[in-house]
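The structure file coords30.csv is reproduced below (CSV, C-alpha atoms and all ligand atoms).
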```
chain,number,residue,atom,x,y,z
A,1,MET,CA,-31.2,127.6,105.5
A,2,THR,CA,-31.6,130.5,107.8
A,3,LYS,CA,-30.4,134.1,107.8
A,4,ARG,CA,-29.0,135.1,111.2
A,5,THR,CA,-27.9,138.4,112.6
A,6,GLY,CA,-25.6,139.4,115.4
A,7,GLN,CA,-23.3,141.9,116.9
A,8,CYS,CA,-20.5,142.5,119.4
A,9,LEU,CA,-21.2,143.8,123.0
A,10,CYS,CA,-21.0,147.5,122.1
A,11,GLY,CA,-22.8,147.2,118.7
A,12,ALA,CA,-19.9,148.8,116.7
A,13,VAL,CA,-19.6,145.6,114.7
A,14,LYS,CA,-22.7,144.0,113.3
A,15,PHE,CA,-23.1,141.1,110.9
A,16,THR,CA,-25.7,139.2,108.8
A,17,ALA,CA,-25.0,135.6,107.8
A,18,LYS,CA,-27.1,134.0,105.1
A,19,ASP,CA,-27.7,130.3,104.5
A,20,THR,CA,-26.4,129.4,107.9
A,21,PRO,CA,-26.3,125.8,109.2
A,22,GLU,CA,-28.6,124.5,111.9
A,23,THR,CA,-25.6,123.3,113.9
A,24,PHE,CA,-22.7,124.6,116.0
A,25,SER,CA,-19.7,123.0,117.6
A,26,THR,CA,-18.0,123.5,120.9
A,27,CYS,CA,-14.2,123.6,121.2
A,28,TYR,CA,-12.3,123.2,124.5
A,29,CYS,CA,-8.8,123.7,123.0
A,30,LYS,CA,-6.6,126.0,125.2
A,31,ASP,CA,-6.4,128.7,122.5
A,32,CYS,CA,-10.2,129.0,122.3
A,33,GLN,CA,-10.6,128.9,126.1
A,34,ARG,CA,-8.0,131.7,126.5
A,35,TRP,CA,-9.7,133.7,123.7
A,36,VAL,CA,-13.2,133.7,125.0
A,37,GLY,CA,-12.5,132.8,128.7
A,38,GLY,CA,-14.2,129.4,128.5
A,39,PRO,CA,-15.4,126.8,126.0
A,40,TYR,CA,-15.9,128.3,122.5
A,41,ARG,CA,-19.2,127.6,120.8
A,42,GLY,CA,-19.1,128.5,117.1
A,43,MET,CA,-21.3,128.3,114.0
A,44,SER,CA,-19.3,127.8,110.8
A,45,VAL,CA,-20.5,129.7,107.7
A,46,PRO,CA,-19.0,130.2,104.3
A,47,THR,CA,-17.1,133.5,104.5
A,48,GLU,CA,-18.8,134.8,101.3
A,49,ASN,CA,-22.1,134.5,103.1
A,50,LEU,CA,-21.1,136.9,105.8
A,51,GLU,CA,-21.9,140.6,105.6
A,52,ILE,CA,-20.0,142.7,108.2
A,53,THR,CA,-20.5,146.4,109.1
A,54,GLY,CA,-18.1,148.3,111.3
A,55,ARG,CA,-15.0,146.7,109.9
A,56,GLU,CA,-12.9,149.7,111.0
A,57,HIS,CA,-13.5,148.5,114.6
A,58,ILE,CA,-12.1,145.0,114.0
A,59,SER,CA,-8.7,143.9,115.2
A,60,VAL,CA,-7.4,140.6,113.7
A,61,TYR,CA,-5.0,138.5,115.6
A,62,LYS,CA,-3.0,135.8,114.0
A,63,SER,CA,-3.3,133.1,116.7
A,64,SER,CA,-1.2,130.5,115.0
A,65,ASP,CA,0.4,129.9,111.6
A,66,PHE,CA,-2.9,128.5,110.3
A,67,ALA,CA,-5.6,130.6,112.0
A,68,GLU,CA,-6.7,134.0,112.9
A,69,ARG,CA,-9.1,135.4,115.5
A,70,ALA,CA,-10.9,138.7,115.3
A,71,SER,CA,-12.3,140.9,118.0
A,72,CYS,CA,-13.9,144.3,118.5
A,73,ARG,CA,-11.4,147.0,119.3
A,74,LYS,CA,-13.9,149.0,121.4
A,75,CYS,CA,-15.5,146.3,123.6
A,76,GLY,CA,-13.2,143.3,123.2
A,77,SER,CA,-15.9,140.8,122.0
A,78,PRO,CA,-14.6,137.9,120.0
A,79,LEU,CA,-16.0,138.1,116.5
A,80,TRP,CA,-14.7,135.2,114.5
A,81,TRP,CA,-12.2,132.4,114.2
A,82,ARG,CA,-11.0,131.2,110.8
A,83,LEU,CA,-8.4,128.9,109.3
A,84,THR,CA,-6.1,130.6,106.9
A,85,LYS,CA,-4.8,127.3,105.4
A,86,THR,CA,-6.0,123.7,105.0
A,87,LYS,CA,-9.2,122.4,103.5
A,88,TYR,CA,-11.4,124.5,105.8
A,89,PHE,CA,-10.2,127.7,104.2
A,90,GLY,CA,-13.2,129.8,103.2
A,91,LYS,CA,-15.3,129.1,106.3
A,92,THR,CA,-15.6,131.5,109.2
A,93,SER,CA,-16.7,130.4,112.7
A,94,ILE,CA,-18.9,132.9,114.5
A,95,PRO,CA,-19.4,132.7,118.3
A,96,VAL,CA,-23.0,131.7,118.8
A,97,GLY,CA,-23.2,134.1,121.8
A,98,LEU,CA,-23.1,137.0,119.3
A,99,LEU,CA,-26.3,135.9,117.6
A,100,ASP,CA,-29.5,137.8,118.2
A,101,ASP,CA,-31.4,134.5,118.1
A,102,THR,CA,-30.0,131.0,118.4
A,103,GLY,CA,-33.3,129.4,117.8
A,104,GLY,CA,-33.0,126.0,116.0
A,105,LEU,CA,-29.2,125.7,116.5
A,106,THR,CA,-28.1,122.3,117.9
A,107,LEU,CA,-24.7,121.0,118.9
A,108,ASN,CA,-23.3,118.6,116.4
A,109,HIS,CA,-19.8,117.9,117.7
A,110,VAL,CA,-17.2,118.7,120.4
A,111,LEU,CA,-13.6,119.4,119.6
A,112,PHE,CA,-10.7,118.8,122.0
A,113,SER,CA,-13.1,117.1,124.4
A,114,ASP,CA,-10.3,115.8,126.5
A,115,TYR,CA,-9.4,119.4,127.5
A,116,LYS,CA,-12.9,119.8,129.1
A,117,ASP,CA,-12.5,120.1,132.8
A,118,GLN,CA,-14.9,120.1,135.8
A,119,THR,CA,-15.4,123.9,135.7
A,120,ASN,CA,-17.7,123.4,132.7
A,121,ASP,CA,-20.1,121.1,134.5
A,122,ILE,CA,-23.2,122.2,136.3
A,123,PRO,CA,-23.9,119.9,139.2
A,124,ASP,CA,-27.6,119.2,139.9
A,125,ASP,CA,-27.3,120.8,143.4
A,126,VAL,CA,-25.9,124.1,142.2
A,127,GLU,CA,-28.3,127.0,142.5
A,128,GLN,CA,-29.4,128.2,139.0
A,129,MET,CA,-30.8,131.7,138.8
A,130,THR,CA,-33.0,133.0,136.0
A,131,SER,CA,-32.2,136.3,134.2
A,132,ALA,CA,-34.7,138.1,136.4
A,133,VAL,CA,-33.0,137.0,139.6
A,134,SER,CA,-29.5,137.6,138.1
A,135,ARG,CA,-30.4,141.1,137.1
A,136,SER,CA,-31.9,142.0,140.5
A,137,GLY,CA,-28.5,142.4,142.1
A,138,GLN,CA,-29.3,139.7,144.7
A,139,VAL,CA,-26.5,137.5,143.5
A,140,ASN,CA,-23.6,137.0,145.9
A,201,ZN,ZN,-17.8,146.1,120.1
A,202,ZN,ZN,-10.5,125.7,119.8
```
When written as structure tokens, how does the structure in this file appear?
Amino acid sequence: MTKRTGQCLCGAVKFTAKDTPETFSTCYCKDCQRWVGGPYRGMSVPTENLEITGREHISVYKSSDFAERASCRKCGSPLWWRLTKTKYFGKTSIPVGLLDDTGGLTLNHVLFSDYKDQTNDIPDDVEQMTSAVSRSGQVN
């Protein structure tokens, strides 16, 4: 069991999650894709294991009658997704992209896999640029 830390883009909201799993899931449902602008990759942790600072900067959106999604009011980063009903009540899903370090995390399942489309594929012949090249400004 691992302790993991993370934050939103602007740093106003930070969190520490203890006893985190070694796995994450990817969801292609339309709500997730509209929320994060693409497939959602989340790590599910018991809500009581989550310590959050900067709560005054958090906006919570009730995305359906059984779930809510939180984001940072300042920078817009998605912060968590959680069910408010059903047997999964008590767990919070954190976007893995917020984590300072994703070392050791592996994908264990894909939700709404039939909603995945070709925009999520990376064909072999597509140019892939490292962070050094991407930051250089030489990207068209
Ligand atoms: Zn922020
Ligand atoms: Zn989803």
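For Gly11 of chain A, the residues within 12 Å (counting all atoms listed in the file, excluding itself and residues fewer than 5 positions away along the chain) are Thr5, Gly6, Ile52, Thr53, Gly54, Arg55, His57, Ile58, Cys72, Arg73, Lys74, Cys75, Gly76, Ser77, Leu79, Leu98, Leu99 and Asp100 of chain A.
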- Task: Could I get the residue neighbourhood of ligand ZN 202 (chain A) at 8 Å, counting all atoms listed in the file, as a ChimeraX atom specification?
- Result: /A:26-33,39-40,111-112
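Counting all atoms listed in the file and comparing A:Gln118, A:Gly38, A:Asp125, A:Ser59, the residue that lies closest to ligand ZN 201 (chain A) is A:Ser59.
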- Message: With distances taken over all atoms listed in the file, which residue among A:Lys14, A:Arg34, A:Lys91, A:Lys62 lies nearest ligand ZN 201 (chain A)?
- Response: A:Lys14
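Going from atom CA of Val13 of chain A to atom CA of Pro78 of chain A covers 10.6 Å.
Nearest-residue note for ligand ZN 201 (chain A): choosing from A:Leu9, A:Val45, A:Ala17, A:Leu105, the minimum distance belongs to A:Leu9, counting only C-alpha atoms and all ligand atoms.
Atom CA of Gly97 of chain A is found 21.0 Å from atom CA of Tyr115 of chain A.
Across the model, the gap from atom CA of Lys87 of chain A to atom CA of Phe15 of chain A is 24.4 Å.
Nearest residue to ligand ZN 201 (chain A) among A:Ser44, A:Gln138, A:Ser71, A:Ser64 is A:Ser71, counting only C-alpha atoms and all ligand atoms.
Shortest atom-to-atom contact with ligand ZN 201 (chain A) among A:Glu56, A:Glu22, A:Glu48, A:Asp117: A:Glu56, counting only C-alpha atoms and all ligand atoms.
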- Mind listing as number ranges by chain all residues within 7 Å of (-24.8, 121.6, 112.1), counting only C-alpha atoms? A: 21-24, 106-108
